[in-house]
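A.B. asks: The structure under discussion is supplied below as structure tokens; questions concerning it will follow.
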Amino acid sequence: MILFKQVADLQAALSTARHEGKTIGFVPTMGALHEGHLSLLELARHQYDITVCSIFVNPTQFNDPKDFEKYPVTTDADIRLLEQAGINMLFLPGVSEIYPSGTTPGHHYDLGELEGLLDGAYRPGHFQGVCQVVHRLLDIVQPNALFLGQKDYQQCLVLKRMVQLENIPVEIIMAPTRREKDGLALSSRNMRLSPEAREKATALYKALQYFGENITVKSIQELRLESSAFLLRNDFEKVDYIEVADAGSLLPVEEITPGLKLVLLTAAFIEGVRLIDNLEWTVAG
Ligand code: PAF
């Protein structure tokens, strides 16, 4: 694996590869790599000649500076994992390589209703920061395909919109969420949990399942209240939301009809760590 820290060096290597007719799959990450990232990299490796992984903890997408400071950094272990996974190129830039003119955004992305819904309502500016960094990374890497994990469902829809708005010729591939045996979605943030909280955190997945299984039997408001109460009983200290939305637009659904494609989404805090999860759900008919 070749490690690049400078944009110019990475671009020179990618330009040579493109001239040789090679295709490029790209997996952007913030490091603290786990099986979820590795499954994205594996998908990319099977479909594209060259797989580029980036590790960059992007300051502009953290609305809470404490969350940014506490974000786990495990670069040496990440490099070992990437080497074992047979990844060709790692891009590990510093802030000044990504933002040579500073981190202040020079551009506002018109994300429409997606911007203020769900995570957007609780993390103001977060999705603008995600678009800012992914736009920059796509400009640098110019991949054929961008691989994203479904655990960040709203992020996937936001980035699909950004790519459309900016006319970026890249295919977006959303890969399924990887879970522990007890259902907890893999996340770099899980590393920050004590063993007790880690065990309780599985309540997040159970709450989503309960929501889906009862969607035709109980009212949405009743399910919101019951699921939130369940999370609070399982040591979550705060539930930002547990919601059901249209799987395509993320807009709230008014009526549950057979065949409807939904997504159940939640964000909640345990031991001060904000975890998110979601489940796609088709209403039985
Ligand atoms: O999902 C993430 O890890 C980040 O939001 C991403 C896409 C790498 C942008 O910083």
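Every chain in the structure tokens has a letter given in the order shown (A, B, ...), and although residue numbers restart at 1 in each chain, ligands are simply numbered from 1 in the order shown.
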If the limit is 8 Å from any atom of ligand 1, counting only C-alpha atoms and all ligand atoms, which residues qualify? Return them as a short mmCIF file (atom, residue, chain, number, x, y, z; two decimals) with C-alpha atoms, in the first residue's frame.
C.D. replies:
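And here is the file that came out, selection.cif:
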data_model
loop_
_atom_site.label_atom_id
_atom_site.label_comp_id
_atom_site.auth_asym_id
_atom_site.auth_seq_id
_atom_site.Cartn_x
_atom_site.Cartn_y
_atom_site.Cartn_z
CA VAL A 27 -13.85 4.86 0.46
CA PRO A 28 -13.66 8.07 2.53
CA THR A 29 -13.35 7.52 6.30
CA MET A 30 -12.49 9.32 9.49
CA GLY A 31 -10.32 6.40 10.62
CA SER A 54 -8.89 8.31 2.90
CA ILE A 55 -8.54 8.95 6.62
CA PHE A 56 -9.33 12.50 7.62
CA VAL A 57 -11.20 13.58 10.75
CA ASN A 58 -12.97 16.52 9.20
CA GLN A 61 -18.61 18.50 10.21
CA GLY A 129 -19.42 20.14 6.53
CA VAL A 130 -19.82 16.60 5.18
CA CYS A 131 -20.58 17.96 1.69
CA VAL A 133 -15.12 17.62 2.67
CA VAL A 134 -16.53 14.94 0.37
CA LEU A 148 -20.70 4.79 1.71
CA GLY A 149 -22.16 2.84 4.63
CA ASP A 152 -25.23 6.93 7.92
CA GLN A 155 -25.52 11.20 4.95
#
A.B. asks: List the spatial neighbours of region 89-106 of chain A as a ChimeraX atom specification - criterion: any atom at most 10 Å away, only C-alpha atoms, same-chain residues fewer than 2 positions off excluded.
C.D. replies: /A:1-10,13-14,26-28,30-31,50-60,75,79,82-83,86-87,108,128-129,132-133,136-137,140-141
A.B. asks: Give the answer as one residue: which of A:Glu213, A:Asp240, A:Pro176, A:Leu231 has the shortest atom-to-atom distance to Trp281 (chain A), using only C-alpha atoms?
C.D. replies: A:Glu213
A.B. asks: Among region 41-282 of chain A, which ones does DSSP assign to alpha helix (DSSP H) (computed from the backbone)? Answer as a JSON list (two decimals) with N, CA and C atoms, in the first residue's frame.
C.D. replies:
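Once written, part07.json looks like this:
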[["chain", "number", "residue", "atom", "x", "y", "z"],
["A", 41, "LEU", "N", -14.45, -1.45, 1.85],
["A", 41, "LEU", "CA", -13.18, -1.55, 1.10],
["A", 41, "LEU", "C", -13.15, -2.84, 0.28],
["A", 42, "GLU", "N", -13.69, -3.89, 0.86],
["A", 42, "GLU", "CA", -13.72, -5.19, 0.18],
["A", 42, "GLU", "C", -14.60, -5.10, -1.09],
["A", 43, "LEU", "N", -15.75, -4.44, -0.92],
["A", 43, "LEU", "CA", -16.65, -4.26, -2.08],
["A", 43, "LEU", "C", -15.93, -3.48, -3.18],
["A", 44, "ALA", "N", -15.26, -2.40, -2.78],
["A", 44, "ALA", "CA", -14.55, -1.56, -3.75],
["A", 44, "ALA", "C", -13.46, -2.36, -4.44],
["A", 45, "ARG", "N", -12.74, -3.14, -3.66],
["A", 45, "ARG", "CA", -11.59, -3.90, -4.19],
["A", 45, "ARG", "C", -12.03, -4.93, -5.24],
["A", 46, "HIS", "N", -13.26, -5.48, -5.02],
["A", 46, "HIS", "CA", -13.74, -6.48, -5.98],
["A", 46, "HIS", "C", -14.22, -5.87, -7.28],
["A", 47, "GLN", "N", -14.68, -4.62, -7.20],
["A", 47, "GLN", "CA", -15.29, -4.04, -8.40],
["A", 47, "GLN", "C", -14.37, -3.08, -9.17],
["A", 65, "PRO", "N", -17.47, 20.87, 19.38],
["A", 65, "PRO", "CA", -16.00, 20.77, 19.40],
["A", 65, "PRO", "C", -15.50, 19.64, 20.31],
["A", 66, "LYS", "N", -16.26, 19.33, 21.41],
["A", 66, "LYS", "CA", -15.82, 18.26, 22.33],
["A", 66, "LYS", "C", -15.89, 16.92, 21.62],
["A", 67, "ASP", "N", -16.90, 16.74, 20.78],
["A", 67, "ASP", "CA", -17.06, 15.50, 20.03],
["A", 67, "ASP", "C", -15.86, 15.32, 19.08],
["A", 68, "PHE", "N", -15.45, 16.43, 18.47],
["A", 68, "PHE", "CA", -14.28, 16.41, 17.57],
["A", 68, "PHE", "C", -13.02, 16.00, 18.33],
["A", 69, "GLU", "N", -12.82, 16.63, 19.50],
["A", 69, "GLU", "CA", -11.61, 16.33, 20.30],
["A", 69, "GLU", "C", -11.57, 14.87, 20.72],
["A", 70, "LYS", "N", -12.77, 14.30, 21.01],
["A", 70, "LYS", "CA", -12.80, 12.93, 21.54],
["A", 70, "LYS", "C", -12.88, 11.88, 20.44],
["A", 75, "THR", "N", -4.44, 5.63, 14.06],
["A", 75, "THR", "CA", -3.83, 5.59, 12.73],
["A", 75, "THR", "C", -2.94, 4.37, 12.48],
["A", 76, "ASP", "N", -2.10, 4.00, 13.45],
["A", 76, "ASP", "CA", -1.19, 2.86, 13.21],
["A", 76, "ASP", "C", -1.97, 1.58, 12.98],
["A", 77, "ALA", "N", -2.97, 1.35, 13.84],
["A", 77, "ALA", "CA", -3.80, 0.14, 13.68],
["A", 77, "ALA", "C", -4.56, 0.20, 12.35],
["A", 78, "ASP", "N", -5.02, 1.38, 11.97],
["A", 78, "ASP", "CA", -5.75, 1.53, 10.69],
["A", 78, "ASP", "C", -4.85, 1.14, 9.51],
["A", 79, "ILE", "N", -3.60, 1.61, 9.56],
["A", 79, "ILE", "CA", -2.68, 1.32, 8.45],
["A", 79, "ILE", "C", -2.45, -0.19, 8.35],
["A", 80, "ARG", "N", -2.30, -0.84, 9.51],
["A", 80, "ARG", "CA", -2.11, -2.31, 9.49],
["A", 80, "ARG", "C", -3.32, -3.00, 8.87],
["A", 81, "LEU", "N", -4.51, -2.57, 9.28],
["A", 81, "LEU", "CA", -5.74, -3.19, 8.74],
["A", 81, "LEU", "C", -5.84, -3.00, 7.23],
["A", 82, "LEU", "N", -5.49, -1.81, 6.76],
["A", 82, "LEU", "CA", -5.59, -1.51, 5.33],
["A", 82, "LEU", "C", -4.58, -2.34, 4.54],
["A", 83, "GLU", "N", -3.41, -2.53, 5.12],
["A", 83, "GLU", "CA", -2.39, -3.35, 4.44],
["A", 83, "GLU", "C", -2.87, -4.79, 4.33],
["A", 84, "GLN", "N", -3.40, -5.30, 5.47],
["A", 84, "GLN", "CA", -3.92, -6.68, 5.46],
["A", 84, "GLN", "C", -5.06, -6.84, 4.45],
["A", 95, "VAL", "N", -4.95, 19.01, 7.73],
["A", 95, "VAL", "CA", -6.03, 19.98, 7.48],
["A", 95, "VAL", "C", -5.66, 20.94, 6.35],
["A", 96, "SER", "N", -4.37, 21.36, 6.28],
["A", 96, "SER", "CA", -4.02, 22.38, 5.27],
["A", 96, "SER", "C", -4.01, 21.79, 3.85],
["A", 97, "GLU", "N", -3.89, 20.47, 3.72],
["A", 97, "GLU", "CA", -3.97, 19.86, 2.37],
["A", 97, "GLU", "C", -5.43, 19.88, 1.88],
["A", 98, "ILE", "N", -6.34, 19.63, 2.82],
["A", 98, "ILE", "CA", -7.76, 19.58, 2.44],
["A", 98, "ILE", "C", -8.32, 21.00, 2.31],
["A", 119, "ASP", "N", -31.03, 14.18, 11.86],
["A", 119, "ASP", "CA", -29.71, 14.60, 12.33],
["A", 119, "ASP", "C", -29.45, 16.08, 12.02],
["A", 120, "GLY", "N", -29.99, 16.54, 10.91],
["A", 120, "GLY", "CA", -29.81, 17.94, 10.53],
["A", 120, "GLY", "C", -30.36, 18.89, 11.59],
["A", 121, "ALA", "N", -31.46, 18.49, 12.24],
["A", 121, "ALA", "CA", -32.07, 19.34, 13.26],
["A", 121, "ALA", "C", -31.23, 19.37, 14.52],
["A", 122, "TYR", "N", -30.53, 18.28, 14.81],
["A", 122, "TYR", "CA", -29.75, 18.18, 16.05],
["A", 122, "TYR", "C", -28.28, 18.56, 15.86],
["A", 126, "HIS", "N", -23.80, 20.27, 10.23],
["A", 126, "HIS", "CA", -23.09, 19.00, 10.05],
["A", 126, "HIS", "C", -23.06, 18.57, 8.58],
["A", 127, "PHE", "N", -24.22, 18.59, 7.93],
["A", 127, "PHE", "CA", -24.24, 18.07, 6.55],
["A", 127, "PHE", "C", -23.55, 19.01, 5.56],
["A", 128, "GLN", "N", -23.53, 20.32, 5.87],
["A", 128, "GLN", "CA", -22.75, 21.23, 5.01],
["A", 128, "GLN", "C", -21.27, 20.85, 5.10],
["A", 129, "GLY", "N", -20.82, 20.54, 6.33],
["A", 129, "GLY", "CA", -19.42, 20.14, 6.53],
["A", 129, "GLY", "C", -19.09, 18.84, 5.82],
["A", 130, "VAL", "N", -20.03, 17.89, 5.87],
["A", 130, "VAL", "CA", -19.82, 16.60, 5.18],
["A", 130, "VAL", "C", -19.72, 16.84, 3.67],
["A", 131, "CYS", "N", -20.62, 17.69, 3.14],
["A", 131, "CYS", "CA", -20.58, 17.96, 1.69],
["A", 131, "CYS", "C", -19.27, 18.67, 1.32],
["A", 132, "GLN", "N", -18.87, 19.61, 2.15],
["A", 132, "GLN", "CA", -17.64, 20.37, 1.89],
["A", 132, "GLN", "C", -16.45, 19.41, 1.75],
["A", 133, "VAL", "N", -16.30, 18.49, 2.70],
["A", 133, "VAL", "CA", -15.12, 17.62, 2.67],
["A", 133, "VAL", "C", -15.22, 16.56, 1.57],
["A", 134, "VAL", "N", -16.43, 16.01, 1.38],
["A", 134, "VAL", "CA", -16.53, 14.94, 0.37],
["A", 134, "VAL", "C", -16.39, 15.54, -1.04],
["A", 135, "HIS", "N", -16.92, 16.75, -1.23],
["A", 135, "HIS", "CA", -16.75, 17.43, -2.52],
["A", 135, "HIS", "C", -15.25, 17.61, -2.82],
["A", 136, "ARG", "N", -14.54, 18.10, -1.81],
["A", 136, "ARG", "CA", -13.08, 18.32, -1.97],
["A", 136, "ARG", "C", -12.37, 16.98, -2.25],
["A", 137, "LEU", "N", -12.72, 15.95, -1.50],
["A", 137, "LEU", "CA", -12.06, 14.65, -1.69],
["A", 137, "LEU", "C", -12.37, 14.09, -3.08],
["A", 138, "LEU", "N", -13.62, 14.28, -3.53],
["A", 138, "LEU", "CA", -13.96, 13.78, -4.88],
["A", 138, "LEU", "C", -13.20, 14.54, -5.96],
["A", 139, "ASP", "N", -13.01, 15.84, -5.74],
["A", 139, "ASP", "CA", -12.22, 16.64, -6.69],
["A", 139, "ASP", "C", -10.80, 16.10, -6.78],
["A", 140, "ILE", "N", -10.27, 15.70, -5.63],
["A", 140, "ILE", "CA", -8.88, 15.22, -5.60],
["A", 140, "ILE", "C", -8.77, 13.82, -6.22],
["A", 141, "VAL", "N", -9.64, 12.92, -5.79],
["A", 141, "VAL", "CA", -9.50, 11.49, -6.17],
["A", 141, "VAL", "C", -10.12, 11.20, -7.54],
["A", 153, "TYR", "N", -27.45, 6.74, 6.98],
["A", 153, "TYR", "CA", -28.45, 6.76, 5.91],
["A", 153, "TYR", "C", -28.68, 8.18, 5.37],
["A", 154, "GLN", "N", -28.88, 9.12, 6.31],
["A", 154, "GLN", "CA", -29.16, 10.50, 5.87],
["A", 154, "GLN", "C", -27.95, 11.08, 5.14],
["A", 155, "GLN", "N", -26.75, 10.74, 5.62],
["A", 155, "GLN", "CA", -25.52, 11.20, 4.95],
["A", 155, "GLN", "C", -25.49, 10.70, 3.50],
["A", 156, "CYS", "N", -25.90, 9.44, 3.29],
["A", 156, "CYS", "CA", -25.90, 8.88, 1.93],
["A", 156, "CYS", "C", -26.82, 9.70, 1.03],
["A", 157, "LEU", "N", -28.04, 10.02, 1.54],
["A", 157, "LEU", "CA", -28.98, 10.79, 0.71],
["A", 157, "LEU", "C", -28.44, 12.21, 0.46],
["A", 158, "VAL", "N", -27.85, 12.79, 1.48],
["A", 158, "VAL", "CA", -27.28, 14.15, 1.36],
["A", 158, "VAL", "C", -26.19, 14.14, 0.28],
["A", 159, "LEU", "N", -25.33, 13.13, 0.33],
["A", 159, "LEU", "CA", -24.21, 13.11, -0.63],
["A", 159, "LEU", "C", -24.70, 12.80, -2.04],
["A", 160, "LYS", "N", -25.78, 12.00, -2.15],
["A", 160, "LYS", "CA", -26.35, 11.78, -3.50],
["A", 160, "LYS", "C", -26.82, 13.12, -4.06],
["A", 161, "ARG", "N", -27.45, 13.92, -3.18],
["A", 161, "ARG", "CA", -27.94, 15.22, -3.64],
["A", 161, "ARG", "C", -26.77, 16.15, -3.99],
["A", 162, "MET", "N", -25.74, 16.15, -3.18],
["A", 162, "MET", "CA", -24.59, 17.04, -3.43],
["A", 162, "MET", "C", -23.96, 16.71, -4.79],
["A", 163, "VAL", "N", -23.83, 15.40, -5.06],
["A", 163, "VAL", "CA", -23.20, 14.95, -6.30],
["A", 163, "VAL", "C", -24.05, 15.37, -7.52],
["A", 164, "GLN", "N", -25.40, 15.32, -7.32],
["A", 164, "GLN", "CA", -26.30, 15.77, -8.40],
["A", 164, "GLN", "C", -26.17, 17.27, -8.61],
["A", 165, "LEU", "N", -26.20, 18.01, -7.49],
["A", 165, "LEU", "CA", -26.13, 19.48, -7.57],
["A", 165, "LEU", "C", -24.86, 19.95, -8.26],
["A", 195, "PRO", "N", -17.66, -1.49, 28.97],
["A", 195, "PRO", "CA", -18.28, -2.78, 28.65],
["A", 195, "PRO", "C", -19.77, -2.82, 29.01],
["A", 196, "GLU", "N", -20.15, -2.16, 30.12],
["A", 196, "GLU", "CA", -21.57, -2.17, 30.54],
["A", 196, "GLU", "C", -22.43, -1.41, 29.51],
["A", 197, "ALA", "N", -21.95, -0.23, 29.13],
["A", 197, "ALA", "CA", -22.72, 0.58, 28.17],
["A", 197, "ALA", "C", -22.76, -0.11, 26.81],
["A", 198, "ARG", "N", -21.65, -0.76, 26.45],
["A", 198, "ARG", "CA", -21.59, -1.47, 25.18],
["A", 198, "ARG", "C", -22.71, -2.53, 25.11],
["A", 199, "GLU", "N", -22.91, -3.22, 26.26],
["A", 199, "GLU", "CA", -23.95, -4.25, 26.30],
["A", 199, "GLU", "C", -25.34, -3.64, 26.17],
["A", 200, "LYS", "N", -25.55, -2.54, 26.90],
["A", 200, "LYS", "CA", -26.87, -1.87, 26.88],
["A", 200, "LYS", "C", -27.16, -1.25, 25.51],
["A", 203, "ALA", "N", -29.79, -1.98, 22.78],
["A", 203, "ALA", "CA", -31.18, -1.55, 22.88],
["A", 203, "ALA", "C", -31.58, -0.68, 21.67],
["A", 204, "LEU", "N", -30.60, -0.03, 21.07],
["A", 204, "LEU", "CA", -30.88, 0.86, 19.93],
["A", 204, "LEU", "C", -31.48, 0.06, 18.76],
["A", 205, "TYR", "N", -30.84, -1.06, 18.48],
["A", 205, "TYR", "CA", -31.30, -1.92, 17.39],
["A", 205, "TYR", "C", -32.65, -2.56, 17.75],
["A", 206, "LYS", "N", -32.76, -2.99, 19.03],
["A", 206, "LYS", "CA", -34.00, -3.62, 19.48],
["A", 206, "LYS", "C", -35.17, -2.64, 19.39],
["A", 207, "ALA", "N", -34.90, -1.37, 19.73],
["A", 207, "ALA", "CA", -35.96, -0.35, 19.68],
["A", 207, "ALA", "C", -36.44, -0.16, 18.24],
["A", 208, "LEU", "N", -35.51, -0.16, 17.30],
["A", 208, "LEU", "CA", -35.89, 0.01, 15.89],
["A", 208, "LEU", "C", -36.72, -1.19, 15.42],
["A", 209, "GLN", "N", -36.29, -2.38, 15.82],
["A", 209, "GLN", "CA", -37.03, -3.58, 15.42],
["A", 209, "GLN", "C", -38.45, -3.55, 15.98],
["A", 210, "TYR", "N", -38.57, -3.15, 17.24],
["A", 210, "TYR", "CA", -39.88, -3.09, 17.89],
["A", 210, "TYR", "C", -40.78, -2.09, 17.14],
["A", 211, "PHE", "N", -40.19, -0.96, 16.78],
["A", 211, "PHE", "CA", -40.91, 0.09, 16.05],
["A", 211, "PHE", "C", -41.47, -0.49, 14.74],
["A", 212, "GLY", "N", -40.60, -1.17, 14.00],
["A", 212, "GLY", "CA", -41.01, -1.72, 12.71],
["A", 212, "GLY", "C", -42.06, -2.80, 12.86],
["A", 213, "GLU", "N", -41.84, -3.69, 13.83],
["A", 213, "GLU", "CA", -42.76, -4.83, 13.98],
["A", 213, "GLU", "C", -44.17, -4.38, 14.38],
["A", 220, "ILE", "N", -47.87, 5.96, 15.36],
["A", 220, "ILE", "CA", -46.46, 6.35, 15.30],
["A", 220, "ILE", "C", -46.07, 7.08, 16.60],
["A", 221, "GLN", "N", -46.96, 7.91, 17.08],
["A", 221, "GLN", "CA", -46.66, 8.66, 18.31],
["A", 221, "GLN", "C", -46.47, 7.70, 19.48],
["A", 222, "GLU", "N", -47.34, 6.68, 19.56],
["A", 222, "GLU", "CA", -47.23, 5.68, 20.64],
["A", 222, "GLU", "C", -45.88, 4.95, 20.54],
["A", 223, "LEU", "N", -45.50, 4.61, 19.31],
["A", 223, "LEU", "CA", -44.24, 3.87, 19.10],
["A", 223, "LEU", "C", -43.03, 4.74, 19.45],
["A", 224, "ARG", "N", -43.10, 6.04, 19.11],
["A", 224, "ARG", "CA", -42.01, 6.96, 19.47],
["A", 224, "ARG", "C", -41.83, 6.96, 20.98],
["A", 225, "LEU", "N", -42.97, 7.11, 21.70],
["A", 225, "LEU", "CA", -42.89, 7.21, 23.17],
["A", 225, "LEU", "C", -42.39, 5.91, 23.78],
["A", 226, "GLU", "N", -42.95, 4.79, 23.33],
["A", 226, "GLU", "CA", -42.56, 3.49, 23.89],
["A", 226, "GLU", "C", -41.08, 3.20, 23.63],
["A", 227, "SER", "N", -40.64, 3.46, 22.40],
["A", 227, "SER", "CA", -39.24, 3.14, 22.05],
["A", 227, "SER", "C", -38.27, 4.04, 22.80],
["A", 228, "SER", "N", -38.63, 5.32, 22.94],
["A", 228, "SER", "CA", -37.76, 6.23, 23.69],
["A", 228, "SER", "C", -37.68, 5.77, 25.14],
["A", 229, "ALA", "N", -38.82, 5.40, 25.72],
["A", 229, "ALA", "CA", -38.84, 4.95, 27.12],
["A", 229, "ALA", "C", -37.97, 3.71, 27.28],
["A", 230, "PHE", "N", -38.02, 2.83, 26.29],
["A", 230, "PHE", "CA", -37.21, 1.60, 26.33],
["A", 230, "PHE", "C", -35.71, 1.96, 26.34],
["A", 231, "LEU", "N", -35.33, 2.92, 25.51],
["A", 231, "LEU", "CA", -33.92, 3.33, 25.46],
["A", 231, "LEU", "C", -33.49, 3.95, 26.80],
["A", 232, "LEU", "N", -34.37, 4.78, 27.36],
["A", 232, "LEU", "CA", -34.02, 5.43, 28.63],
["A", 232, "LEU", "C", -33.91, 4.39, 29.75],
["A", 233, "ARG", "N", -34.76, 3.36, 29.70],
["A", 233, "ARG", "CA", -34.67, 2.28, 30.73],
["A", 233, "ARG", "C", -33.37, 1.49, 30.58]]
A.B. asks: Any idea what's packed within 9 Å of Asn190 (chain A), counting only C-alpha atoms, ignoring anything in its chain fewer than 6 positions away? Could you give it as a list of chain:residue names?
C.D. replies: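 Answer for this query is A:Arg198, A:Ala201, A:Val273, A:Leu275.
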